[in-house]
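Just work.txt here, compact mmCIF, C-alpha atoms:
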```txt
# COMPACT_ATOMS: atom_id res chain seq x y z
CA MET J 21 31.40 -22.06 -220.20
CA THR J 22 32.96 -25.36 -221.25
CA THR J 23 36.25 -25.99 -219.43
CA SER J 24 37.27 -29.18 -221.20
CA ARG J 25 36.87 -30.80 -224.59
CA GLU J 26 37.64 -34.21 -225.98
CA ILE J 27 40.66 -34.31 -228.24
CA LYS J 28 41.12 -37.30 -230.50
CA ILE J 29 44.29 -39.20 -231.31
CA ILE J 30 44.47 -39.36 -235.11
CA ALA J 31 47.80 -41.15 -235.49
CA ARG J 32 50.92 -42.43 -233.76
CA ILE J 33 54.53 -42.00 -234.81
CA ARG J 34 57.03 -44.84 -235.08
CA THR J 35 60.58 -43.83 -234.22
CA ASP J 36 63.82 -45.50 -233.06
CA PHE J 37 63.50 -44.13 -229.50
CA PRO J 38 61.55 -46.43 -227.12
CA THR J 39 62.36 -44.13 -224.16
CA LYS J 40 62.76 -40.37 -223.69
CA PHE J 41 66.51 -40.40 -223.05
CA GLY J 42 68.50 -39.35 -226.10
CA ILE J 43 65.66 -37.85 -228.10
CA PRO J 44 66.81 -34.57 -229.73
CA ARG J 45 65.86 -31.53 -227.67
CA GLN J 46 64.12 -29.91 -230.62
CA SER J 47 62.64 -31.01 -233.92
CA GLY J 48 64.69 -30.55 -237.06
CA LEU J 49 68.06 -30.79 -235.29
CA ILE J 50 68.92 -34.19 -236.77
CA ASP J 51 67.40 -34.74 -240.19
CA ASP J 52 69.04 -38.18 -240.45
CA LEU J 53 66.45 -39.49 -237.99
CA LYS J 54 63.65 -41.15 -239.95
CA ALA J 55 60.16 -41.90 -238.66
CA VAL J 56 56.73 -42.93 -239.91
CA VAL J 57 53.35 -41.49 -238.95
CA VAL J 58 50.72 -44.25 -238.86
CA PHE J 59 47.08 -43.17 -238.73
CA GLU J 60 44.52 -44.68 -236.40
CA THR J 61 41.93 -46.84 -238.18
CA GLU J 62 39.24 -44.14 -238.26
CA TYR J 63 41.55 -41.70 -240.05
CA ARG J 64 43.09 -43.98 -242.68
CA ASN J 65 41.53 -42.03 -245.50
CA ALA J 66 43.79 -40.82 -248.29
CA ASP J 67 41.38 -37.97 -249.05
CA ALA J 68 42.36 -36.34 -245.75
CA LEU J 69 45.90 -35.93 -247.12
CA ARG J 70 44.96 -34.66 -250.56
CA GLY J 71 47.38 -31.84 -251.44
CA LEU J 72 49.81 -32.52 -248.59
CA GLU J 73 52.33 -34.06 -251.00
CA GLY J 74 53.11 -30.55 -252.27
CA PHE J 75 54.55 -29.41 -248.93
CA SER J 76 58.15 -30.06 -247.85
CA HIS J 77 57.54 -29.69 -244.11
CA ILE J 78 54.66 -30.24 -241.70
CA TRP J 79 53.69 -29.43 -238.13
CA LEU J 80 52.84 -32.24 -235.76
CA ILE J 81 50.70 -31.49 -232.72
CA TRP J 82 51.15 -34.30 -230.23
CA GLU J 83 50.86 -35.49 -226.66
CA PHE J 84 53.62 -35.69 -224.06
CA SER J 85 52.26 -39.12 -223.18
CA GLU J 86 54.93 -39.73 -220.52
CA ALA J 87 54.24 -36.44 -218.72
CA LEU J 88 50.48 -36.55 -218.04
CA ARG J 89 49.53 -34.99 -214.70
CA ASP J 90 46.38 -33.88 -212.89
CA THR J 91 48.06 -30.73 -211.57
CA TRP J 92 50.37 -28.09 -212.99
CA SER J 93 53.01 -25.64 -211.79
CA PRO J 94 53.50 -22.09 -213.09
CA THR J 95 57.28 -22.61 -213.07
CA VAL J 96 59.54 -25.44 -214.20
CA ARG J 97 63.24 -26.22 -214.01
CA PRO J 98 64.67 -26.43 -217.54
CA PRO J 99 67.45 -29.05 -217.73
CA ARG J 100 69.42 -26.72 -219.99
CA LEU J 101 69.75 -24.34 -217.03
CA GLY J 102 71.20 -27.03 -214.80
CA GLY J 103 67.93 -28.15 -213.24
CA ASN J 104 68.06 -25.56 -210.44
CA THR J 105 66.77 -22.34 -212.04
CA ARG J 106 63.02 -21.87 -212.37
CA MET J 107 61.39 -20.29 -215.41
CA GLY J 108 57.75 -19.74 -216.31
CA VAL J 109 56.24 -22.82 -217.88
CA PHE J 110 55.03 -20.77 -220.85
CA ALA J 111 58.59 -19.52 -221.44
CA THR J 112 59.82 -23.09 -221.92
CA ARG J 113 59.10 -26.20 -223.93
CA SER J 114 58.88 -28.35 -220.84
CA PRO J 115 56.56 -31.38 -221.14
CA PHE J 116 55.06 -30.54 -217.73
CA ARG J 117 52.33 -28.14 -218.83
CA PRO J 118 48.65 -27.52 -218.05
CA ASN J 119 47.97 -29.44 -221.27
CA ALA J 120 50.70 -31.94 -222.18
CA ILE J 121 50.82 -30.87 -225.83
CA GLY J 122 53.93 -30.73 -228.00
CA LEU J 123 54.59 -29.05 -231.34
CA SER J 124 57.20 -30.16 -233.88
CA SER J 125 58.19 -28.92 -237.32
CA ILE J 126 59.55 -31.81 -239.38
CA LYS J 127 60.35 -32.66 -242.99
CA LEU J 128 57.84 -34.65 -245.04
CA GLU J 129 59.89 -37.16 -247.02
CA GLY J 130 56.96 -38.80 -248.77
CA ILE J 131 53.51 -40.37 -248.55
CA GLU J 132 53.01 -44.09 -248.98
CA VAL J 133 49.70 -45.91 -249.29
CA HIS J 134 50.09 -49.19 -247.40
CA PRO J 135 47.69 -52.04 -248.29
CA GLU J 136 46.84 -52.65 -244.63
CA LEU J 137 47.81 -49.48 -242.73
CA GLY J 138 46.50 -46.98 -245.26
CA PRO J 139 48.40 -43.72 -245.92
CA LEU J 140 51.73 -43.43 -244.12
CA LEU J 141 53.76 -40.25 -243.72
CA HIS J 142 57.51 -40.78 -243.98
CA VAL J 143 59.21 -37.93 -242.10
CA SER J 144 62.64 -36.87 -240.86
CA GLY J 145 63.91 -34.71 -238.03
CA ALA J 146 61.29 -35.77 -235.48
CA ASP J 147 61.92 -35.31 -231.75
CA LEU J 148 59.30 -37.79 -230.55
CA MET J 149 59.37 -41.07 -228.66
CA ASP J 150 58.12 -44.19 -230.38
CA ASN J 151 54.32 -44.57 -230.34
CA THR J 152 53.70 -40.94 -229.37
CA PRO J 153 50.03 -39.98 -229.96
CA ILE J 154 49.46 -37.39 -232.70
CA TYR J 155 46.52 -34.97 -232.34
CA ASP J 156 46.82 -33.05 -235.59
CA ILE J 157 48.92 -32.44 -238.70
CA LYS J 158 49.22 -29.11 -240.50
CA PRO J 159 51.35 -27.92 -243.43
CA TYR J 160 54.34 -25.72 -242.66
CA LEU J 161 54.09 -22.38 -244.51
CA ALA J 162 57.51 -20.78 -244.93
CA TYR J 163 56.15 -17.33 -245.79
CA THR J 164 54.48 -17.00 -242.40
CA ASP J 165 55.95 -19.70 -240.13
CA CYS J 166 59.61 -18.80 -240.68
CA HIS J 167 61.02 -15.86 -238.68
CA PRO J 168 64.78 -15.46 -239.29
CA GLU J 169 64.87 -12.37 -237.06
CA ALA J 170 63.45 -14.23 -234.03
CA VAL J 171 65.27 -13.91 -230.69
CA GLY J 172 65.86 -17.02 -228.57
CA GLY J 173 65.52 -15.55 -225.07
CA PHE J 174 67.44 -17.26 -222.28
CA ILE J 175 68.04 -20.33 -224.46
CA GLU J 176 70.09 -18.56 -227.11
CA PRO J 177 73.32 -18.25 -225.05
CA LEU J 178 73.02 -21.92 -224.05
CA GLN J 179 73.52 -23.43 -227.49
CA ALA J 180 75.72 -26.36 -226.52
CA LYS J 181 78.91 -27.25 -228.31
CA LYS J 182 78.83 -30.58 -230.04
CA LEU J 183 80.78 -33.46 -228.55
CA GLU J 184 83.42 -35.44 -230.34
CA VAL J 185 82.13 -39.01 -230.62
CA GLU J 186 84.34 -42.08 -230.38
CA PHE J 187 82.29 -45.05 -231.60
CA PRO J 188 84.51 -48.12 -232.13
CA LYS J 189 83.89 -49.92 -235.41
CA GLN J 190 83.13 -53.19 -233.66
CA TRP J 191 80.13 -51.54 -232.01
CA LEU J 192 79.08 -49.19 -234.80
CA GLN J 193 78.79 -52.01 -237.34
CA LEU J 194 76.03 -53.55 -235.20
CA ILE J 195 73.81 -50.59 -236.08
CA SER J 196 72.15 -50.82 -239.49
CA GLU J 197 74.01 -48.73 -242.04
CA ASP J 198 71.04 -46.44 -242.72
CA ARG J 199 70.93 -45.44 -239.03
CA ARG J 200 74.62 -44.96 -238.26
CA GLU J 201 74.86 -41.29 -239.19
CA ALA J 202 71.72 -40.57 -237.17
CA ILE J 203 73.04 -42.13 -233.95
CA LEU J 204 76.41 -40.43 -234.36
CA ARG J 205 74.67 -37.07 -234.58
CA VAL J 206 72.36 -37.88 -231.66
CA LEU J 207 75.39 -38.62 -229.48
CA SER J 208 77.27 -35.52 -230.68
CA HIS J 209 74.43 -33.35 -229.35
CA ASP J 210 75.11 -34.70 -225.83
CA PRO J 211 71.95 -36.56 -224.73
CA ARG J 212 72.77 -36.16 -221.03
CA PRO J 213 70.87 -33.69 -218.84
CA SER J 214 73.12 -30.66 -218.44
CA TYR J 215 73.44 -31.23 -214.69
CA GLN J 216 74.98 -34.70 -215.11
CA LYS J 217 78.74 -34.36 -215.64
CA ASP J 218 80.22 -37.43 -213.92
CA PRO J 219 83.00 -38.69 -216.26
CA LYS J 220 82.86 -42.16 -214.64
CA ARG J 221 79.15 -42.67 -215.13
CA ILE J 222 78.06 -45.08 -217.87
CA TYR J 223 74.92 -43.89 -219.66
CA GLY J 224 72.57 -46.08 -221.66
CA LEU J 225 70.64 -44.85 -224.68
CA GLU J 226 68.05 -47.10 -226.33
CA PHE J 227 68.00 -46.68 -230.08
CA ALA J 228 66.74 -48.88 -232.94
CA GLY J 229 66.68 -52.04 -230.85
CA PHE J 230 70.03 -51.51 -229.14
CA ASP J 231 71.23 -50.24 -225.77
CA ILE J 232 74.16 -47.94 -226.53
CA ARG J 233 76.37 -47.42 -223.47
CA PHE J 234 78.81 -44.54 -223.25
CA THR J 235 80.82 -42.23 -221.03
CA VAL J 236 81.61 -38.53 -221.45
CA GLN J 237 84.80 -36.83 -220.31
CA ASP J 238 85.42 -33.20 -221.19
CA ASN J 239 84.34 -32.90 -224.84
CA LEU J 240 84.72 -36.58 -225.76
CA LEU J 241 81.85 -39.09 -225.75
CA SER J 242 83.14 -42.67 -225.87
CA VAL J 243 80.87 -45.61 -226.68
CA CYS J 244 81.96 -48.56 -224.55
CA GLU J 245 79.34 -51.19 -225.46
CA VAL J 246 76.35 -51.84 -227.72
CA VAL J 247 73.90 -54.50 -226.58
CA SER J 248 70.94 -55.83 -228.56
CA ARG J 249 67.67 -55.35 -226.71
CA ALA J 250 66.54 -58.72 -228.07
CA ASP J 251 69.44 -60.41 -226.25
CA GLN J 252 68.33 -58.81 -222.98
CA SER J 253 64.74 -60.05 -223.13
```

Entire entry expressed as structure tokens:
Amino acid sequence: MTTSREIKIIARIRTDFPTKFGIPRQSGLIDDLKAVVVFETEYRNADALRGLEGFSHIWLIWEFSEALRDTWSPTVRPPRLGGNTRMGVFATRSPFRPNAIGLSSIKLEGIEVHPELGPLLHVSGADLMDNTPIYDIKPYLAYTDCHPEAVGGFIEPLQAKKLEVEFPKQWLQLISEDRREAILRVLSHDPRPSYQKDPKRIYGLEFAGFDIRFTVQDNLLSVCEVVSRADQS
């Protein structure tokens, strides 16, 4: 019996998150976040996307490229539970799995045919780091994929309250206008691990070419500095 198979990378996604910190915990949470799926050379064939334009949402099957391991554990420590409670790996969406595969449901905003890069998928609501490898793309089918009666297990009671965000104008205006609402919503969802609650700690979130530094006290997130990544290189 075959115990392993080759799986091919068909595309990579371009997002505003060069690191994992700050990426939404689930897909679809922040539809202001825009991204582009760029196919690998072998798969830049518009025929492969014929008919996809009629769907509003798609599934991305992708690789947790920053969590590749040779071993696995049957239990993990979900950050949402404080990082101390163990749950079965198959009861979580932890990146540390026997196969480092992720699944995201996102909105398809449009398909562009680029003269050099071939067909591009413009999407919103992605929860992926920049340059994440994509293994497959499938249409989202509302009549079978949507389950309004679904129960959320141990996660359901943990739905976090949103933070109030204080982002001084002098810093916010450095962010391009088409990305401001997205970063405000990212920050309101509290990008910190749930076990980090030090009000004096300054956090840094890399987004769209900037390092956004902030503190959190009680329910208020305060941005204290925005630094261009280009200025730091």

Residue nearest Lys189 in chain J among J:Gly172, J:Ser114, J:Thr23, J:Glu245 (counting all atoms listed in the file): J:Glu245

Taking only C-alpha atoms into account, produce a table as CSV in which each residue of range 102-214 of chain J with an atom at most 6 Å from an atom of range 71-92 of chain J appears once, together with its shortest atom pair and the distance in Å to one decimal, ordered by chain and rising number.
```
residue,atom,partner,partner_atom,distance
J:Pro115,CA,J:Phe84,CA,6.0
J:Pro118,CA,J:Trp92,CA,5.4
J:Ala120,CA,J:Phe84,CA,5.1
J:Ile121,CA,J:Glu83,CA,4.7
J:Gly122,CA,J:Trp82,CA,5.0
J:Leu123,CA,J:Ile81,CA,4.8
J:Ser124,CA,J:Leu80,CA,5.2
J:Ser125,CA,J:Trp79,CA,4.6
J:Ile126,CA,J:His77,CA,5.6
J:Lys127,CA,J:His77,CA,4.2
J:Leu128,CA,J:His77,CA,5.1
J:Pro153,CA,J:Glu83,CA,5.6
J:Ile154,CA,J:Trp82,CA,4.3
J:Tyr155,CA,J:Trp82,CA,5.1
J:Asp156,CA,J:Ile81,CA,5.1
J:Ile157,CA,J:Leu80,CA,4.9
J:Lys158,CA,J:Trp79,CA,5.1
J:Pro159,CA,J:Ile78,CA,4.4
J:Tyr160,CA,J:Ile78,CA,4.6
```

Residue nearest Leu69 in chain J among J:Asp51, J:Glu169, J:Glu226, J:Glu132 (counting all atoms listed in the file):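 Answer, going by the shortest atom-to-atom distance: J:Glu132.
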
Can you tell me which residues surround His209 in chain J at a distance of at most 8 Å, considering only C-alpha atoms, apart from same-chain residues fewer than 2 positions away, and format the answer as an MDAnalysis selection string? chainID J and resid 44 180:183 205:207 211

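Between CA of Asn239 in chain J and CA of Trp191 in chain J the separation is 20.4 Å.
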
What are the closest atom pairs, with distances in Å to one decimal, for all residues of range 21-91 of chain J lying within 10 Å of range 136-142 of chain J? Consider only C-alpha atoms, order rows by chain and residue number, and present the result as CSV.
```
residue,atom,partner,partner_atom,distance
J:Ala31,CA,J:Leu140,CA,9.8
J:Ile33,CA,J:Leu141,CA,9.1
J:Arg34,CA,J:His142,CA,9.8
J:Lys54,CA,J:His142,CA,7.4
J:Ala55,CA,J:His142,CA,6.0
J:Val56,CA,J:His142,CA,4.7
J:Val57,CA,J:Leu141,CA,4.9
J:Val58,CA,J:Leu140,CA,5.4
J:Phe59,CA,J:Leu140,CA,7.1
J:Glu60,CA,J:Leu137,CA,8.6
J:Thr61,CA,J:Leu137,CA,7.9
J:Tyr63,CA,J:Gly138,CA,8.9
J:Arg64,CA,J:Gly138,CA,5.2
J:Asn65,CA,J:Gly138,CA,7.0
J:Ala66,CA,J:Pro139,CA,5.9
J:Asp67,CA,J:Pro139,CA,9.6
J:Ala68,CA,J:Pro139,CA,9.5
J:Leu69,CA,J:Pro139,CA,8.3
J:Leu72,CA,J:Leu141,CA,10.0
J:Glu73,CA,J:Leu141,CA,9.7
```

At what distance in Å, to one decimal, does CA of Val143 in chain J lie from CA of Lys28 in chain J?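 Value for the CA of Lys28 in chain J-CA of Val143 in chain J distance: 21.5 Å.
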
Could you write out as AutoDock Vina command-line options the box around range 24-27 of chain J (axis-aligned, all atoms listed in the file, 4 Å on each side), with centre and edge lengths in Å to one decimal?
```
--center_x 38.8 --center_y -31.7 --center_z -224.7 --size_x 11.8 --size_y 13.1 --size_z 15.0
```

Taking (71.0, -54.7, -226.3) in the file's own coordinates, collect the residues within 8 Å, counting only C-alpha atoms, and hand them back as number ranges by chain. J: 229-232, 246-252

What is the distance between CA of Thr105 in chain J and CA of Leu148 in chain J, in Å to one decimal?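 Result for CA of Thr105 in chain J versus CA of Leu148 in chain J: 25.2 Å, one decimal.
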
Of the candidates J:Arg32, J:Arg25, J:Lys40, J:Arg97, which shows the shortest atom-to-atom distance to Ser214 in chain J, using only C-alpha atoms? J:Arg97

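Here the question is which of J:Arg106, J:Arg113, J:His167, J:Arg70 gets nearest to Ser47 in chain J using all atoms listed in the file, and that residue is J:Arg113.
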
Hey, which of J:Gly102, J:Asp52, J:Cys166, J:Glu26 ends up closest to Glu197 in chain J? Count only C-alpha atoms.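 The answer is J:Asp52, which sits nearest to Glu197 in chain J.
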
Option closest in space to Ile175 in chain J, from J:Ile27, J:Thr35, J:Pro98, J:Phe41 [counting all atoms listed in the file]: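 Once distances to Ile175 in chain J are computed over all atoms listed in the file, the minimum belongs to J:Pro98.
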